[in-house]
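Have a look at protein15.txt below; it lists compact mmCIF, C-alpha atoms and all ligand atoms.
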```
# COMPACT_ATOMS: atom_id res chain seq x y z
CA MET A 1 82.28 83.77 85.42
CA SER A 2 85.31 84.12 83.27
CA TRP A 3 87.73 81.30 82.81
CA TRP A 4 90.45 83.04 84.67
CA ASP A 5 88.62 83.91 87.81
CA GLU A 6 91.06 81.54 89.43
CA VAL A 7 93.82 84.08 89.11
CA SER A 8 91.94 86.94 90.70
CA GLY A 9 93.19 87.57 94.20
CA PRO A 10 90.81 88.47 96.99
CA ASP A 11 92.60 91.69 97.82
CA GLU A 12 92.74 93.09 94.34
CA ASP A 13 90.16 95.70 95.09
CA ASP A 14 92.44 97.52 97.47
CA ASP A 15 94.24 99.09 94.62
CA TYR A 16 91.46 100.95 93.02
CA ILE A 17 88.51 101.02 95.35
CA ASP A 18 88.75 102.78 98.59
CA GLU A 19 86.13 100.71 100.29
CA SER A 20 87.92 100.64 103.61
CA SER A 21 87.78 104.37 103.96
CA ILE A 22 84.19 104.51 102.76
CA ARG A 23 83.20 102.07 105.45
CA THR A 24 85.00 103.76 108.30
CA ARG A 25 84.10 107.32 107.41
CA PRO A 26 80.84 108.54 108.90
CA ASN A 27 78.30 109.86 106.46
CA ARG A 28 78.64 113.57 106.68
CA LYS A 29 75.99 114.44 104.16
CA GLY A 30 73.57 115.76 106.72
CA THR A 31 76.00 117.86 108.66
CA ARG A 32 77.99 119.39 105.90
CA PRO A 33 76.78 122.25 103.74
CA ARG A 34 76.86 121.27 100.12
CA THR A 35 78.38 123.84 97.86
CA LYS A 36 77.31 123.97 94.27
CA VAL A 37 80.54 125.49 93.11
CA ARG A 38 83.60 123.58 94.12
CA PRO A 39 86.49 125.59 95.47
CA SER A 40 88.92 126.21 92.67
CA HIS A 41 91.98 125.36 94.73
CA SER A 42 94.02 127.66 92.58
CA ASP A 43 96.93 127.18 94.95
CA ALA A 44 96.94 123.43 94.33
CA GLN A 45 100.11 121.68 93.31
CA THR A 46 100.24 118.82 90.86
CA GLY A 47 101.62 115.39 91.67
CA ARG A 48 101.91 111.88 90.32
CA ILE A 49 100.30 108.97 92.15
CA VAL A 50 103.09 106.44 92.59
CA ALA A 51 101.48 104.03 95.04
CA VAL A 52 98.05 103.31 96.41
CA ASP A 53 97.42 101.48 99.62
CA ARG A 54 94.08 101.37 101.35
CA GLY A 55 92.95 104.93 100.93
CA ARG A 56 96.38 106.47 101.29
CA TYR A 57 98.24 107.70 98.28
CA GLN A 58 101.95 108.21 97.76
CA VAL A 59 102.31 111.20 95.51
CA MET A 60 105.44 112.55 93.90
CA VAL A 61 105.46 116.34 93.71
CA ASP A 62 107.86 118.66 91.96
CA GLU A 63 108.92 115.73 89.80
CA ASN A 64 112.41 116.30 88.41
CA GLY A 65 112.55 119.60 90.27
CA ALA A 66 114.81 120.76 93.07
CA ASP A 67 112.22 119.91 95.71
CA GLU A 68 111.10 116.59 94.32
CA ARG A 69 109.60 114.52 97.10
CA THR A 70 107.03 111.84 97.70
CA ILE A 71 104.30 112.76 100.11
CA THR A 72 101.34 110.98 101.62
CA ALA A 73 97.86 112.16 100.75
CA SER A 74 94.25 111.29 101.28
CA ARG A 75 91.49 112.32 98.98
CA ALA A 76 88.96 115.06 99.43
CA SER A 77 85.48 113.87 100.31
CA GLU A 78 84.09 115.10 97.01
CA LEU A 79 86.30 112.55 95.27
CA ARG A 80 85.29 109.64 97.45
CA LYS A 81 83.36 107.94 94.70
CA GLN A 82 86.13 108.21 92.17
CA GLY A 83 88.96 105.79 91.85
CA ILE A 84 92.42 107.25 92.07
CA VAL A 85 95.05 104.93 90.72
CA ALA A 86 98.76 104.67 90.08
CA GLY A 87 99.76 106.95 87.25
CA ASP A 88 97.07 109.51 87.97
CA ARG A 89 98.06 113.14 87.94
CA VAL A 90 96.31 114.91 90.79
CA ASP A 91 96.04 118.36 92.31
CA LEU A 92 96.87 118.61 95.99
CA VAL A 93 96.31 121.09 98.78
CA GLY A 94 97.14 121.16 102.45
CA ASP A 95 100.46 120.20 103.95
CA LEU A 96 102.69 119.29 101.04
CA SER A 97 105.89 119.17 103.05
CA GLY A 98 106.00 115.42 103.11
CA ASP A 99 107.18 115.61 106.72
CA ASP A 100 106.42 112.65 108.95
CA GLY A 101 102.81 112.51 109.96
CA THR A 102 101.62 115.07 107.44
CA LEU A 103 98.82 114.39 105.06
CA ALA A 104 98.06 116.34 101.91
CA ARG A 105 94.64 116.29 100.32
CA ILE A 106 93.88 115.35 96.74
CA VAL A 107 91.25 117.71 95.38
CA ARG A 108 91.29 116.95 91.68
CA ILE A 109 92.12 114.18 89.28
CA GLN A 110 93.53 115.51 86.06
CA GLU A 111 92.29 114.31 82.73
CA ARG A 112 93.75 110.94 81.84
CA SER A 113 95.36 110.04 78.56
CA THR A 114 94.61 106.35 79.06
CA LEU A 115 92.80 104.31 81.64
CA LEU A 116 93.28 100.61 82.06
CA ARG A 117 90.14 98.99 83.33
CA ARG A 118 88.95 95.65 84.36
CA SER A 119 85.71 94.20 85.60
CA ALA A 120 85.36 91.35 88.04
CA ASP A 121 84.40 89.08 85.19
CA ASP A 122 83.18 89.35 81.65
CA THR A 123 79.59 90.05 82.58
CA ASP A 124 80.35 92.58 85.28
CA GLU A 125 79.32 96.01 84.11
CA VAL A 126 80.86 97.70 87.11
CA GLU A 127 83.99 99.29 85.92
CA ARG A 128 87.15 99.08 87.98
CA ILE A 129 90.15 101.09 87.08
CA ILE A 130 93.69 99.92 87.58
CA VAL A 131 96.23 102.29 86.12
CA ALA A 132 95.99 105.72 84.55
CA ASN A 133 98.13 107.38 81.91
CA ALA A 134 100.16 104.30 81.01
CA ASP A 135 101.06 104.29 77.34
CA GLN A 136 102.56 100.78 77.27
CA MET A 137 101.73 97.38 78.73
CA LEU A 138 104.42 94.76 79.21
CA ILE A 139 102.75 91.38 79.25
CA VAL A 140 104.87 88.82 81.09
CA VAL A 141 104.33 85.18 80.28
CA ALA A 142 106.48 82.13 81.02
CA ALA A 143 107.63 79.67 78.38
CA ALA A 144 106.81 76.96 80.92
CA ASN A 145 105.86 76.55 84.55
CA PRO A 146 103.22 77.88 84.35
CA GLU A 147 102.42 76.75 80.84
CA PRO A 148 101.80 79.74 78.56
CA ARG A 149 98.27 80.22 77.33
CA ALA A 150 97.68 82.21 74.19
CA ARG A 151 94.15 83.02 75.22
CA LEU A 152 95.37 84.70 78.37
CA VAL A 153 97.71 86.87 76.36
CA ASP A 154 94.92 87.64 73.90
CA ARG A 155 92.91 89.04 76.73
CA TYR A 156 95.72 91.24 77.95
CA LEU A 157 96.13 92.44 74.39
CA ILE A 158 92.48 93.29 74.13
CA ALA A 159 92.54 95.20 77.40
CA ALA A 160 95.58 97.09 76.16
CA TYR A 161 94.19 97.94 72.76
CA ASP A 162 90.87 98.91 74.24
CA ALA A 163 92.63 101.36 76.54
CA GLY A 164 94.83 102.77 73.80
CA VAL A 165 97.92 101.27 75.41
CA THR A 166 100.68 99.75 73.30
CA PRO A 167 101.35 96.14 74.26
CA MET A 168 104.71 94.38 74.44
CA LEU A 169 105.40 90.79 75.32
CA VAL A 170 108.18 89.20 77.33
CA VAL A 171 108.49 85.45 77.54
CA THR A 172 110.40 84.38 80.64
CA LYS A 173 111.89 81.02 81.62
CA THR A 174 113.10 80.26 78.13
CA ASP A 175 115.68 78.00 79.81
CA LEU A 176 112.78 75.63 80.55
CA ALA A 177 111.14 75.50 77.14
CA ASP A 178 111.41 76.84 73.64
CA PRO A 179 108.71 79.50 73.26
CA GLU A 180 108.70 79.38 69.48
CA GLU A 181 105.49 77.41 69.13
CA PHE A 182 103.72 79.63 71.62
CA LEU A 183 104.99 82.78 69.95
CA ALA A 184 103.65 81.58 66.62
CA ASN A 185 100.26 82.64 67.95
CA PHE A 186 101.34 86.25 67.81
CA VAL A 187 103.40 86.46 64.65
CA GLY A 188 100.71 88.46 62.90
CA LEU A 189 100.57 91.02 65.65
CA ASP A 190 103.01 93.83 65.33
CA ILE A 191 104.23 93.82 68.91
CA PRO A 192 107.75 93.80 70.37
CA VAL A 193 108.63 90.42 71.83
CA PHE A 194 111.46 89.85 74.33
CA THR A 195 112.65 86.50 75.56
CA SER A 196 114.26 86.15 78.95
CA ARG A 197 115.88 83.60 81.22
CA THR A 198 117.38 84.32 84.60
CA ASP A 199 120.90 83.67 83.36
CA SER A 200 120.38 85.93 80.37
CA MET A 201 117.87 88.70 80.77
CA PRO A 202 117.49 91.28 77.99
CA LEU A 203 117.66 94.17 80.44
CA GLU A 204 119.24 96.67 78.06
CA GLU A 205 116.64 96.00 75.42
CA ILE A 206 113.76 96.27 77.85
CA HIS A 207 115.20 99.41 79.42
CA ALA A 208 115.34 100.95 75.98
CA ALA A 209 111.72 100.08 75.41
CA LEU A 210 110.69 101.58 78.74
CA ARG A 211 112.55 104.84 78.32
CA GLY A 212 110.25 107.80 77.79
CA HIS A 213 107.17 105.72 78.57
CA SER A 214 104.91 104.76 81.39
CA THR A 215 104.60 101.00 81.25
CA VAL A 216 102.28 98.79 83.25
CA PHE A 217 103.56 95.26 83.91
CA VAL A 218 100.98 92.49 83.92
CA GLY A 219 101.26 88.75 84.22
CA HIS A 220 99.85 85.63 85.75
CA SER A 221 101.20 84.58 89.14
CA GLY A 222 104.51 82.74 88.98
CA VAL A 223 105.59 83.82 85.53
CA GLY A 224 108.63 85.63 86.90
CA LYS A 225 107.32 89.18 86.81
CA SER A 226 108.85 90.07 90.17
CA THR A 227 112.16 88.56 89.11
CA LEU A 228 112.07 90.75 86.04
CA VAL A 229 111.05 93.91 87.88
CA ASN A 230 113.81 93.36 90.46
CA ALA A 231 116.37 92.91 87.74
CA LEU A 232 115.19 96.00 85.88
CA VAL A 233 114.79 98.08 89.02
CA PRO A 234 117.13 97.51 91.97
CA SER A 235 115.12 97.47 95.18
CA ALA A 236 114.03 100.63 96.91
CA GLN A 237 116.39 99.89 99.81
CA ARG A 238 119.31 99.74 97.46
CA ALA A 239 118.32 102.75 95.43
CA THR A 240 121.28 104.25 93.62
CA GLY A 241 121.76 107.28 91.44
CA HIS A 242 121.09 105.10 88.46
CA VAL A 243 117.64 104.01 89.41
CA ASN A 244 115.24 105.73 91.70
CA ALA A 245 112.55 103.48 93.04
CA VAL A 246 109.49 105.08 94.50
CA THR A 247 107.54 102.88 96.78
CA GLY A 248 104.62 103.04 99.08
CA ARG A 249 105.32 103.28 102.78
CA GLY A 250 108.21 100.89 102.65
CA ARG A 251 105.99 97.85 102.68
CA HIS A 252 104.84 95.91 99.69
CA THR A 253 101.94 93.61 100.00
CA SER A 254 100.59 91.70 97.08
CA SER A 255 97.80 94.22 96.89
CA SER A 256 99.76 97.41 96.50
CA THR A 257 100.44 98.95 93.16
CA VAL A 258 103.90 100.42 92.97
CA SER A 259 105.54 102.72 90.47
CA TYR A 260 109.24 102.75 89.80
CA ARG A 261 111.15 105.36 87.94
CA ILE A 262 113.95 104.11 85.82
CA SER A 263 116.40 106.76 84.77
CA ASP A 264 119.79 106.73 83.20
CA SER A 265 121.81 109.13 81.11
CA GLU A 266 119.59 108.43 78.16
CA GLY A 267 116.28 109.23 79.76
CA ALA A 268 113.65 108.15 82.23
CA GLY A 269 110.62 105.95 82.25
CA TRP A 270 108.07 104.65 84.68
CA VAL A 271 107.28 101.06 85.49
CA ILE A 272 103.95 100.43 87.14
CA ASP A 273 103.76 97.03 88.74
CA THR A 274 100.33 95.77 89.65
CA PRO A 275 100.98 92.66 91.72
CA GLY A 276 97.41 92.35 92.88
CA VAL A 277 95.89 92.68 89.44
CA ARG A 278 96.80 89.81 87.26
CA SER A 279 93.77 89.59 85.12
CA PHE A 280 91.24 91.61 83.31
CA GLY A 281 87.64 90.75 82.89
CA LEU A 282 86.48 92.32 79.71
CA GLY A 283 82.91 93.22 80.57
CA HIS A 284 83.32 96.89 79.80
CA ILE A 285 84.89 96.45 76.40
CA ASN A 286 83.13 97.09 73.15
CA THR A 287 83.31 93.87 71.15
CA ASP A 288 84.49 95.78 68.10
CA ASN A 289 87.67 96.46 69.97
CA ILE A 290 88.49 92.77 70.10
CA LEU A 291 89.48 92.84 66.48
CA LYS A 292 92.03 95.51 67.23
CA ALA A 293 94.06 92.96 69.15
CA PHE A 294 94.32 90.96 65.96
CA GLY A 295 95.86 93.73 63.87
CA ASP A 296 95.80 92.18 60.42
CA PHE A 297 92.39 90.59 61.08
CA ALA A 298 90.78 94.01 61.41
CA GLN A 299 91.73 94.89 57.88
CA VAL A 300 90.51 91.60 56.48
CA ALA A 301 87.25 92.01 58.38
CA ASP A 302 86.49 95.11 56.33
CA THR A 303 85.55 92.76 53.50
CA CYS A 304 83.30 90.58 55.68
CA PRO A 305 79.56 90.76 55.08
CA ARG A 306 77.88 93.50 57.08
CA GLY A 307 77.28 92.38 60.66
CA CYS A 308 79.56 89.36 60.32
CA THR A 309 80.10 87.64 63.65
CA HIS A 310 83.38 86.03 62.46
CA LEU A 311 82.27 82.85 64.25
CA GLU A 312 82.46 79.32 62.81
CA ASP A 313 78.93 79.53 61.45
CA ALA A 314 79.27 82.98 59.90
CA PRO A 315 78.60 82.82 56.16
CA ASP A 316 81.32 84.23 53.91
CA CYS A 317 83.50 85.44 56.75
CA ALA A 318 86.57 86.97 55.11
CA ILE A 319 88.78 86.22 58.11
CA ALA A 320 87.85 82.55 58.04
CA ALA A 321 88.53 82.45 54.29
CA ALA A 322 91.87 84.17 54.68
CA ALA A 323 92.88 81.89 57.54
CA ALA A 324 91.90 78.79 55.54
CA SER A 325 93.84 79.90 52.48
CA GLY A 326 96.97 80.47 54.49
CA GLU A 327 96.87 84.18 53.82
CA LEU A 328 97.06 84.91 57.54
CA GLY A 329 100.17 82.82 57.98
CA GLU A 330 100.81 79.54 59.64
CA ALA A 331 99.30 80.72 62.91
CA GLY A 332 96.24 82.19 61.21
CA PRO A 333 93.87 79.37 62.06
CA ALA A 334 95.04 79.27 65.69
CA ARG A 335 94.60 82.98 66.04
CA LEU A 336 91.19 82.85 64.43
CA ASP A 337 90.32 80.17 66.95
CA SER A 338 91.45 82.47 69.72
CA LEU A 339 89.46 85.37 68.31
CA GLN A 340 86.36 83.22 68.04
CA ARG A 341 86.65 82.02 71.61
CA LEU A 342 86.77 85.62 72.80
CA LEU A 343 83.88 86.67 70.59
CA LYS A 344 81.81 83.80 71.94
CA THR A 345 82.51 84.88 75.48
CA PHE A 346 81.05 88.22 74.61
CA ALA A 347 78.15 86.74 72.69
CA LYS A 348 77.07 85.03 75.91
CA ARG A 349 76.66 88.30 77.65
CA ALA A 350 73.08 89.37 78.23
CA GLU A 351 73.39 93.00 77.28
CA PRO A 352 75.19 94.27 74.23
CA GLU A 353 77.55 97.17 74.77
CA SER A 354 76.05 100.49 73.88
N1 LIG B 1 113.89 78.54 85.39
C1 LIG B 1 113.55 79.82 85.52
N2 LIG B 1 112.87 80.19 86.63
C2 LIG B 1 112.54 81.49 86.75
C3 LIG B 1 112.85 82.46 85.77
N3 LIG B 1 112.36 83.65 86.16
C4 LIG B 1 111.76 83.43 87.35
N4 LIG B 1 111.86 82.14 87.72
C5 LIG B 1 111.34 81.51 88.93
O1 LIG B 1 109.92 81.47 88.87
C6 LIG B 1 109.35 81.62 90.17
C7 LIG B 1 108.35 82.74 90.15
O2 LIG B 1 109.02 83.94 89.93
P1 LIG B 1 108.46 85.33 90.45
O3 LIG B 1 109.35 86.39 89.93
O4 LIG B 1 108.20 85.29 91.91
O5 LIG B 1 107.08 85.34 89.69
P2 LIG B 1 105.91 86.40 89.74
O6 LIG B 1 105.38 86.47 88.38
O7 LIG B 1 106.34 87.64 90.36
O8 LIG B 1 104.84 85.67 90.62
P3 LIG B 1 104.22 86.12 92.01
O9 LIG B 1 105.37 86.23 92.95
O10 LIG B 1 103.25 85.06 92.32
O11 LIG B 1 103.59 87.45 91.70
C8 LIG B 1 110.52 81.87 91.09
O12 LIG B 1 110.85 80.67 91.72
C9 LIG B 1 111.63 82.31 90.18
O13 LIG B 1 112.89 81.99 90.67
C10 LIG B 1 113.58 82.02 84.59
O14 LIG B 1 113.90 82.77 83.67
N5 LIG B 1 113.89 80.69 84.54
ZN ZN B 2 83.87 87.86 59.41
```

Could you express the structure from this file as structure tokens?
Amino acid sequence: MSWWDEVSGPDEDDDYIDESSIRTRPNRKGTRPRTKVRPSHSDAQTGRIVAVDRGRYQVMVDENGADERTITASRASELRKQGIVAGDRVDLVGDLSGDDGTLARIVRIQERSTLLRRSADDTDEVERIIVANADQMLIVVAAANPEPRARLVDRYLIAAYDAGVTPMLVVTKTDLADPEEFLANFVGLDIPVFTSRTDSMPLEEIHAALRGHSTVFVGHSGVGKSTLVNALVPSAQRATGHVNAVTGRGRHTSSSTVSYRISDSEGAGWVIDTPGVRSFGLGHINTDNILKAFGDFAQVADTCPRGCTHLEDAPDCAIAAAAASGELGEAGPARLDSLQRLLKTFAKRAEPES
């Protein structure tokens, strides 16, 4: 169990595991000839997965082209064991018209530049994937109501760094509390930080940060993530020339992942909102990667004794020494505390990562 199991929704799995279609589809193994060589589908067209909802995929094809459209697709049976997620680039065959009632078929998932993963909890070795090809993560946290927790943000950071995704932080509801003390936890991390309140949202600044990137938005329930997304991206129904929102089947449940394209004269970017996935277990992550979330710590750790655990009882830990001497700044001890809590969570796991 991880300490934030409480925030995991029951329908999270819909986004990245197509269990519903696995259950309802008869096992065709016995009746279908198995080919060793897969068809090459050389006529396939490439598309971007913009929404996933229970085994059906909304895919944008001819992106930025004259025939740009979003079509509905299912996946070929040979891909049934693979997760296809928002942000994936896929190859499609079949009816690509996008006309009502048509269904294209996804035959290939293209190589991913990044893959954001989670596991059900820290000890779960089963890997779940959430979003592909995002290069940024916007972590949304409230200054109050709900109370911000540095540890929660640490975990998002770790998931981001582990995936090779650049994290950013936005603190909402700054009308309710001053986030300064909370933000002191992250002063040593070289990440962009935005502060926002409904009567003064830094939309221009965030737009600028999103431009040219594919950014996944994550945050605990109630932090104001939807408020922020709505402000950044006018709703699909009110789509204008300025912003083009791409949604899945016109219906958003808390379990559907939705991508929005933001474009203006200065460029375009993608926002991937994952309402059903608010947390990451970290079971799949190599513990060495934890240090990467603590940028300056990683460098200091180079001078730790070989095999140093960086925990309270570790002899001659360079990070502990640096934190104690004030070298890591005012927040150094608090951040070390946060690091140690995470490391201990991993230490409790039965199997070390290979
Ligand atoms: N005071 C204040 N309230 C805010 C602010 N931003 C959002 N809220 C309120 O916080 C509540 C939660 O906002 P949402 O945008 O629904 O939060 P969410 O993170 O999307 O949460 P879920 O809907 O559970 O996914 C709403 O009542 C908002 O009106 C803010 O800057 N200041
Ligand atoms: Zn150490």

- Message: Which residues are close to Ala184 (chain A), i.e. within 12 Å by all atoms listed in the file, leaving aside same-chain residues fewer than 2 positions away? Reply as an MDAnalysis selection string.
- Response: chainID A and resid 150 178:182 186:189 193 328:335

Selected residues written out, C-alpha atoms, as an mmCIF file, in the frame of the given file:
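result-v8.cif, freshly written:
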```cif
data_model
loop_
_atom_site.group_PDB
_atom_site.id
_atom_site.type_symbol
_atom_site.label_atom_id
_atom_site.label_comp_id
_atom_site.auth_asym_id
_atom_site.auth_seq_id
_atom_site.Cartn_x
_atom_site.Cartn_y
_atom_site.Cartn_z
ATOM 1 C CA ALA A 150 97.680 82.210 74.190
ATOM 2 C CA ASP A 178 111.410 76.840 73.640
ATOM 3 C CA PRO A 179 108.710 79.500 73.260
ATOM 4 C CA GLU A 180 108.700 79.380 69.480
ATOM 5 C CA GLU A 181 105.490 77.410 69.130
ATOM 6 C CA PHE A 182 103.720 79.630 71.620
ATOM 7 C CA PHE A 186 101.340 86.250 67.810
ATOM 8 C CA VAL A 187 103.400 86.460 64.650
ATOM 9 C CA GLY A 188 100.710 88.460 62.900
ATOM 10 C CA LEU A 189 100.570 91.020 65.650
ATOM 11 C CA VAL A 193 108.630 90.420 71.830
ATOM 12 C CA LEU A 328 97.060 84.910 57.540
ATOM 13 C CA GLY A 329 100.170 82.820 57.980
ATOM 14 C CA GLU A 330 100.810 79.540 59.640
ATOM 15 C CA ALA A 331 99.300 80.720 62.910
ATOM 16 C CA GLY A 332 96.240 82.190 61.210
ATOM 17 C CA PRO A 333 93.870 79.370 62.060
ATOM 18 C CA ALA A 334 95.040 79.270 65.690
ATOM 19 C CA ARG A 335 94.600 82.980 66.040
#
```

- Task: For region 76-79 of chain A, work out the shell of residues within 9 Å, counting all atoms listed in the file and skipping chain neighbours fewer than 4 positions away, then give it as number ranges by chain.
- Result: A: 38, 83-84, 105-109

- Message: At a cut-off of 8 Å and counting only C-alpha atoms and all ligand atoms, what residues surround ligand LIG 1 (chain B)? Please answer as a PyMOL selection string.
- Response: chain A and resi 140+142+145+172-176+196-201+219-229+254+275-276

If you keep C-alpha atoms, can you produce a file of those selected residues as a short mmCIF file (atom, residue, chain, number, x, y, z; two decimals), in the coordinates of the input?
```cif
data_model
loop_
_atom_site.label_atom_id
_atom_site.label_comp_id
_atom_site.auth_asym_id
_atom_site.auth_seq_id
_atom_site.Cartn_x
_atom_site.Cartn_y
_atom_site.Cartn_z
CA VAL A 140 104.87 88.82 81.09
CA ALA A 142 106.48 82.13 81.02
CA ASN A 145 105.86 76.55 84.55
CA THR A 172 110.40 84.38 80.64
CA LYS A 173 111.89 81.02 81.62
CA THR A 174 113.10 80.26 78.13
CA ASP A 175 115.68 78.00 79.81
CA LEU A 176 112.78 75.63 80.55
CA SER A 196 114.26 86.15 78.95
CA ARG A 197 115.88 83.60 81.22
CA THR A 198 117.38 84.32 84.60
CA ASP A 199 120.90 83.67 83.36
CA SER A 200 120.38 85.93 80.37
CA MET A 201 117.87 88.70 80.77
CA GLY A 219 101.26 88.75 84.22
CA HIS A 220 99.85 85.63 85.75
CA SER A 221 101.20 84.58 89.14
CA GLY A 222 104.51 82.74 88.98
CA VAL A 223 105.59 83.82 85.53
CA GLY A 224 108.63 85.63 86.90
CA LYS A 225 107.32 89.18 86.81
CA SER A 226 108.85 90.07 90.17
CA THR A 227 112.16 88.56 89.11
CA LEU A 228 112.07 90.75 86.04
CA VAL A 229 111.05 93.91 87.88
CA SER A 254 100.59 91.70 97.08
CA PRO A 275 100.98 92.66 91.72
CA GLY A 276 97.41 92.35 92.88
#
```

- Query: Please, which residues have at least one atom within 6 Å of an atom of ligand ZN 2 (chain B), using only C-alpha atoms and all ligand atoms, listed as a ChimeraX atom specification?
  - Reply: /A:301,304,308-310,317-319

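Closest approach to Ala209 (chain A) from the set A:Met137, A:Val258, A:Ala44, A:Leu152 is made by A:Met137, with distances taken over only C-alpha atoms.
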
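Minimum atom-to-atom distances from A:Ala293, A:Ala132, A:Ala298, A:Val61 to Pro167 (chain A) were compared using only C-alpha atoms, and the lowest value belongs to A:Ala293.
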
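Residues of protein, DNA and RNA with at least one atom no farther than 10 Å from (87.6, 81.3, 58.1) are, using all atoms listed in the file, His310, Leu311, Glu312, Asp313, Ala314, Pro315, Asp316, Cys317, Ala318, Ile319, Ala320, Ala321, Ala322, Ala323, Ala324, Ser325, Gly332, Pro333, Leu336 and Asp337 of chain A.
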
- Near-Tyr161 (chain A) list (10 Å; all atoms listed in the file; drop same-chain fewer than 2 positions) as a VMD selection string: chain A and resid 116 136 to 137 155 to 159 163 to 167 289 to 295

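From CA of Trp270 (chain A) back to CA of Ile130 (chain A), the distance works out to 15.4 Å.
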
- By how many Å are CA of Ala73 (chain A) and CA of Val93 (chain A) apart? 9.3 Å

- Task: Compare A:Arg149, A:Arg69, A:Lys81, A:Arg56 by their minimum atom-to-atom distance to Leu103 (chain A), counting only C-alpha atoms, and give me the closest one.
- Result: A:Arg56
